[in-house]
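Peer 1: For reference, this is data_16.pdb, and it has PDB, C-alpha atoms.
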ATOM      1  CA  MET A   1      -7.126 -55.195 -77.122  1.00  0.00           C
ATOM      2  CA  GLU A   2      -4.363 -52.693 -76.542  1.00  0.00           C
ATOM      3  CA  ALA A   3      -2.217 -51.711 -79.492  1.00  0.00           C
ATOM      4  CA  GLU A   4       1.460 -52.599 -79.416  1.00  0.00           C
ATOM      5  CA  GLY A   5       3.487 -50.007 -77.526  1.00  0.00           C
ATOM      6  CA  THR A   6       0.544 -48.710 -75.498  1.00  0.00           C
ATOM      7  CA  LEU A   7       0.693 -50.998 -72.486  1.00  0.00           C
ATOM      8  CA  ASP A   8      -0.507 -49.188 -69.399  1.00  0.00           C
ATOM      9  CA  LEU A   9       1.560 -50.982 -66.786  1.00  0.00           C
ATOM     10  CA  ILE A  10       1.797 -50.149 -63.109  1.00  0.00           C
ATOM     11  CA  TRP A  11       5.156 -51.106 -61.633  1.00  0.00           C
ATOM     12  CA  GLY A  12       5.796 -51.779 -57.948  1.00  0.00           C
ATOM     13  CA  VAL A  13       3.662 -52.575 -54.926  1.00  0.00           C
ATOM     14  CA  SER A  14       3.555 -48.890 -53.976  1.00  0.00           C
ATOM     15  CA  GLU A  15       1.993 -47.785 -57.268  1.00  0.00           C
ATOM     16  CA  ILE A  16      -0.366 -50.774 -57.389  1.00  0.00           C
ATOM     17  CA  ALA A  17      -1.468 -49.958 -53.829  1.00  0.00           C
ATOM     18  CA  LYS A  18      -2.266 -46.368 -54.821  1.00  0.00           C
ATOM     19  CA  MET A  19      -4.311 -47.618 -57.767  1.00  0.00           C
ATOM     20  CA  ILE A  20      -6.466 -49.933 -55.643  1.00  0.00           C
ATOM     21  CA  GLY A  21      -6.705 -47.711 -52.575  1.00  0.00           C
ATOM     22  CA  ARG A  22      -4.826 -49.961 -50.168  1.00  0.00           C
ATOM     23  CA  THR A  23      -1.628 -49.694 -48.179  1.00  0.00           C
ATOM     24  CA  GLU A  24       1.560 -51.258 -49.514  1.00  0.00           C
ATOM     25  CA  ARG A  25       1.391 -53.889 -46.790  1.00  0.00           C
ATOM     26  CA  GLN A  26      -2.230 -54.795 -47.600  1.00  0.00           C
ATOM     27  CA  THR A  27      -1.423 -54.955 -51.306  1.00  0.00           C
ATOM     28  CA  TYR A  28       1.659 -57.125 -50.791  1.00  0.00           C
ATOM     29  CA  HIS A  29      -0.403 -59.498 -48.631  1.00  0.00           C
ATOM     30  CA  MET A  30      -3.120 -59.685 -51.313  1.00  0.00           C
ATOM     31  CA  ILE A  31      -0.498 -60.526 -53.947  1.00  0.00           C
ATOM     32  CA  GLN A  32       1.261 -63.143 -51.794  1.00  0.00           C
ATOM     33  CA  SER A  33      -1.989 -64.837 -50.762  1.00  0.00           C
ATOM     34  CA  GLY A  34      -3.204 -65.102 -54.355  1.00  0.00           C
ATOM     35  CA  ASN A  35      -6.082 -62.661 -53.872  1.00  0.00           C
ATOM     36  CA  LEU A  36      -4.775 -60.344 -56.576  1.00  0.00           C
ATOM     37  CA  PRO A  37      -4.052 -62.757 -59.455  1.00  0.00           C
ATOM     38  CA  VAL A  38      -3.683 -60.025 -62.100  1.00  0.00           C
ATOM     39  CA  VAL A  39      -0.361 -58.922 -60.562  1.00  0.00           C
ATOM     40  CA  LYS A  40       2.757 -60.685 -61.809  1.00  0.00           C
ATOM     41  CA  GLN A  41       6.282 -60.747 -60.485  1.00  0.00           C
ATOM     42  CA  VAL A  42       8.981 -59.732 -62.957  1.00  0.00           C
ATOM     43  CA  GLY A  43      12.384 -60.167 -61.405  1.00  0.00           C
ATOM     44  CA  GLU A  44      12.095 -58.596 -57.985  1.00  0.00           C
ATOM     45  CA  ARG A  45       9.293 -56.183 -58.909  1.00  0.00           C
ATOM     46  CA  TYR A  46       5.565 -56.586 -59.264  1.00  0.00           C
ATOM     47  CA  VAL A  47       3.665 -55.336 -62.295  1.00  0.00           C
ATOM     48  CA  ALA A  48       0.023 -55.143 -63.311  1.00  0.00           C
ATOM     49  CA  SER A  49      -1.954 -53.830 -66.236  1.00  0.00           C
ATOM     50  CA  ARG A  50      -4.123 -50.900 -65.185  1.00  0.00           C
ATOM     51  CA  GLN A  51      -6.961 -52.294 -67.326  1.00  0.00           C
ATOM     52  CA  LYS A  52      -6.676 -55.795 -65.827  1.00  0.00           C
ATOM     53  CA  LEU A  53      -6.844 -54.347 -62.298  1.00  0.00           C
ATOM     54  CA  ILE A  54      -9.980 -52.389 -63.195  1.00  0.00           C
ATOM     55  CA  GLU A  55     -11.576 -55.455 -64.793  1.00  0.00           C
ATOM     56  CA  PHE A  56     -10.671 -57.603 -61.772  1.00  0.00           C
ATOM     57  CA  PHE A  57     -12.370 -55.259 -59.311  1.00  0.00           C
ATOM     58  CA  MET A  58     -15.401 -54.644 -61.544  1.00  0.00           C
ATOM     59  CA  GLU A  59     -16.342 -58.285 -62.100  1.00  0.00           C
ATOM     60  CA  PRO A  60     -19.153 -59.644 -59.917  1.00  0.00           C
ATOM     61  CA  ALA A  61     -18.184 -61.532 -56.772  1.00  0.00           C
ATOM     62  CA  ALA A  62     -18.461 -65.318 -56.965  1.00  0.00           C
TER      63      ALA A  62
END
What is this file in structure tokens?

Peer 2:
Amino acid sequence: MEAEGTLDLIWGVSEIAKMIGRTERQTYHMIQSGNLPVVKQVGERYVASRQKLIEFFMEPAA
């Protein structure tokens, strides 16, 4: 569990795309289609926890 004040958030589709190695367009499509459930919309921007993204991609496929 992360300590208060140490959230490692990634803001914006562009930065999330860099983190997961996809284009902005691919990332936006993944978010919109529900294939990237760890990303949340806050106002008009998207945000994700770096740790949650890592965990999401490291878990075994169903």

Peer 1: How many Å lie between CA of Glu59 (chain A) and CA of Val42 (chain A), rounded to one decimal?

Peer 2: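 Separation of CA of Glu59 (chain A) and CA of Val42 (chain A): 25.4 Å.
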
Peer 1: Name the residues that the PyMOL selection byres ((chain A and resi 23-30) around 12) picks from the file above, as a PyMOL selection string, using the file's chain letters and numbers.

Peer 2: chain A and resi 12-22+31-41+45-47

Peer 1: Just the number, please: distance in Å from CA of Leu9 (chain A) to CA of Gln51 (chain A), one decimal.

Peer 2: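 CA of Gln51 (chain A) lies 8.6 Å from CA of Leu9 (chain A).
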
Peer 1: Can you turn the PyMOL selection byres ((chain A and resi 8) around 8) into a concrete residue list for this file, as number ranges by chain?

Peer 2: A: 6-7, 9-10, 49-51

Peer 1: Report the centre and edge lengths, in Å to one decimal, of an axis-aligned box enclosing every atom of region 12-23 of chain A listed in the file, padded by 6 Å on each side, as AutoDock Vina command-line options.

Peer 2:
--center_x -0.5 --center_y -49.5 --center_z -53.1 --size_x 24.5 --size_y 18.2 --size_z 21.8
